[in-house]
Amino acid sequence: MEYVVEKHRQSFDEIRRLCFICNGLDRASSCIFTESTYTDPSDQSKSVLQSLLSSSLLHFAVSIRINLYQDIIENRPIPLETMAADYYEDDKLIVRCVSIKDVCDKIIHADTVTKPIFKNFPLEKDEKLTFQLKGSNRDKLWTLNLCLELFTEIILKMVDEIEFHQNK
């Protein structure tokens, strides 16, 4: 028997596309409400941004996980010094580094995803606003602070590196 589809597939180009979308949404949401003339968004505008970010972020996480489970992408740790992500169980408050899979799992399973806005308070060039994802696993509360801008850059570099080595 011949099949049209045999397994899930998310190409590196699709992951790149989602990296650019998520990176752009993160950057736009950091500055449009703080550094522009649109510092008092309506509830409807916030709702549209929330829906767009949620769907893009979830699609991004699932796309990466598919490649992880098919052993196309290696589950690398994300060092704390990158400032891209840090994780802690709320009862211990000990920050630890996470892997790419950990970040994807937390994006998918988060009960809440928040990002602050500071009206009329422009960010310094190297400052980044992070998303805070919160959830629970086996009755233990957890928090993941995620700089989506930096995380997408890590993924883009990794995908480029994998393809470079495959094409040698």
# chains A, B, ... in the order shown; residues from 1 in each chain; ligands from 1

$ residues_around --residues "Thr152 in chain A" --least-positions-apart "6" --cutoff "12 Å" --atoms "only C-alpha atoms" --output "count of residues only"
26

$ residues_around --residues "Val113 in chain A" --least-positions-apart "5" --cutoff "9 Å" --atoms "only C-alpha atoms" --output "list in words"
Ser54, Ile107, Phe131, Gln132, Leu133 and Lys134 of chain A

$ write_last_selection --atoms "C-alpha atoms" --output "PDB file, in the first residue's frame"
ATOM      1  CA  SER A  54      -0.626  31.997  21.506  1.00  0.00           C
ATOM      2  CA  ILE A 107       4.891  26.460  26.293  1.00  0.00           C
ATOM      3  CA  PHE A 131       7.218  36.035  29.065  1.00  0.00           C
ATOM      4  CA  GLN A 132       6.359  34.267  32.272  1.00  0.00           C
ATOM      5  CA  LEU A 133       4.742  30.875  31.827  1.00  0.00           C
ATOM      6  CA  LYS A 134       3.220  29.168  34.843  1.00  0.00           C
TER       7      LYS A 134
END

$ atom_distance --atom1 "CA of Thr112 in chain A" --atom2 "CA of Pro79 in chain A"
23.9 Å

$ residues_around --residues "range 3-9 of chain A" --least-positions-apart "2" --cutoff "12 Å" --atoms "only C-alpha atoms" --output "list in words"
Met1, Ser11, Phe12, Asp13, Glu14, Ile15, Val62, Ser63, Ile64, Arg65, Ile66, Asn67, Leu68, Tyr69, Gln70 and Ile72 of chain A

$ write_last_selection --atoms "N, CA and C atoms" --output "compact mmCIF listing (two decimals), in the first residue's frame"
# COMPACT_ATOMS: atom_id res chain seq x y z
N MET A 1 0.84 -1.18 0.00
CA MET A 1 0.00 0.00 0.00
C MET A 1 0.89 1.24 0.00
N SER A 11 9.25 21.06 8.41
CA SER A 11 10.56 21.33 7.83
C SER A 11 11.29 22.41 8.62
N PHE A 12 12.59 22.48 8.40
CA PHE A 12 13.37 23.55 9.01
C PHE A 12 12.92 24.91 8.51
N ASP A 13 12.48 24.98 7.26
CA ASP A 13 11.98 26.27 6.76
C ASP A 13 10.71 26.70 7.50
N GLU A 14 9.87 25.74 7.87
CA GLU A 14 8.67 26.06 8.66
C GLU A 14 9.08 26.53 10.06
N ILE A 15 10.08 25.87 10.64
CA ILE A 15 10.57 26.30 11.96
C ILE A 15 11.16 27.70 11.86
N VAL A 62 5.25 22.97 18.95
CA VAL A 62 4.90 21.66 18.39
C VAL A 62 5.82 21.32 17.22
N SER A 63 6.15 22.29 16.40
CA SER A 63 7.04 22.05 15.26
C SER A 63 8.42 21.59 15.72
N ILE A 64 8.91 22.20 16.77
CA ILE A 64 10.21 21.80 17.32
C ILE A 64 10.12 20.40 17.93
N ARG A 65 9.06 20.15 18.68
CA ARG A 65 8.91 18.84 19.32
C ARG A 65 8.83 17.71 18.31
N ILE A 66 8.15 17.93 17.20
CA ILE A 66 8.08 16.89 16.16
C ILE A 66 9.49 16.53 15.72
N ASN A 67 10.33 17.52 15.48
CA ASN A 67 11.71 17.27 15.06
C ASN A 67 12.55 16.64 16.17
N LEU A 68 12.26 16.98 17.41
CA LEU A 68 12.96 16.35 18.53
C LEU A 68 12.60 14.86 18.60
N TYR A 69 11.34 14.54 18.52
CA TYR A 69 10.90 13.15 18.66
C TYR A 69 11.33 12.29 17.48
N GLN A 70 11.56 12.91 16.33
CA GLN A 70 12.03 12.16 15.17
C GLN A 70 13.56 12.18 15.07
N ILE A 72 15.62 14.53 14.62
CA ILE A 72 16.17 15.43 13.61
C ILE A 72 16.90 16.58 14.31

$ closest_residue --among "A:Ser51, A:Thr143, A:Thr114, A:Ser45" --to "Ile32 in chain A" --atoms "only C-alpha atoms"
A:Ser45

$ closest_residue --among "A:Lys157, A:Val95, A:Lys115, A:Asp90" --to "Lys140 in chain A" --atoms "only C-alpha atoms"
A:Asp90

$ atom_distance --atom1 "CA of Ile108 in chain A" --atom2 "CA of Val48 in chain A"
19.3 Å

$ closest_residue --among "A:Leu58, A:Ile73, A:Leu53, A:Val98" --to "Asp160 in chain A" --atoms "only C-alpha atoms"
A:Ile73

$ select_by_dssp --residues "chain A" --states "helix (DSSP H, G or I)" --output "NGL selection string"
:A and (12-31 or 43-69 or 80-82 or 100-109 or 148-166)

$ closest_residue --among "A:Ser136, A:Phe33, A:Leu129, A:Leu144" --to "Ser99 in chain A" --atoms "only C-alpha atoms"
A:Leu144

$ residues_around --residues "Met83 in chain A" --least-positions-apart "2" --cutoff "10 Å" --atoms "only C-alpha atoms" --output "PyMOL selection string"
chain A and resi 78-81+85-86+97+128+130+145-147+150-151

$ select_by_dssp --residues "chain A" --states "strand (DSSP E or B)" --output "PyMOL selection string"
chain A and resi 77-78+85-89+96+98-99+112-114+131-137+140-146

$ residues_around --residues "Lys46 in chain A" --least-positions-apart "6" --cutoff "10 Å" --atoms "only C-alpha atoms" --output "MDAnalysis selection string"
chainID A and resid 29 33 40 52

$ write_last_selection --atoms "C-alpha atoms" --output "JSON list (two decimals), in the first residue's frame"
[["chain", "number", "residue", "atom", "x", "y", "z"],
["A", 29, "SER", "CA", 4.82, 43.58, 21.84],
["A", 33, "PHE", "CA", 2.88, 49.53, 23.92],
["A", 40, "ASP", "CA", -2.91, 52.60, 25.79],
["A", 52, "LEU", "CA", -1.80, 35.69, 17.54]]

$ closest_residue --among "A:Lys106, A:Cys31, A:Ser56, A:Leu141" --to "Lys92 in chain A" --atoms "only C-alpha atoms"
A:Leu141

$ atom_distance --atom1 "CA of Glu161 in chain A" --atom2 "CA of Tyr88 in chain A"
29.4 Å
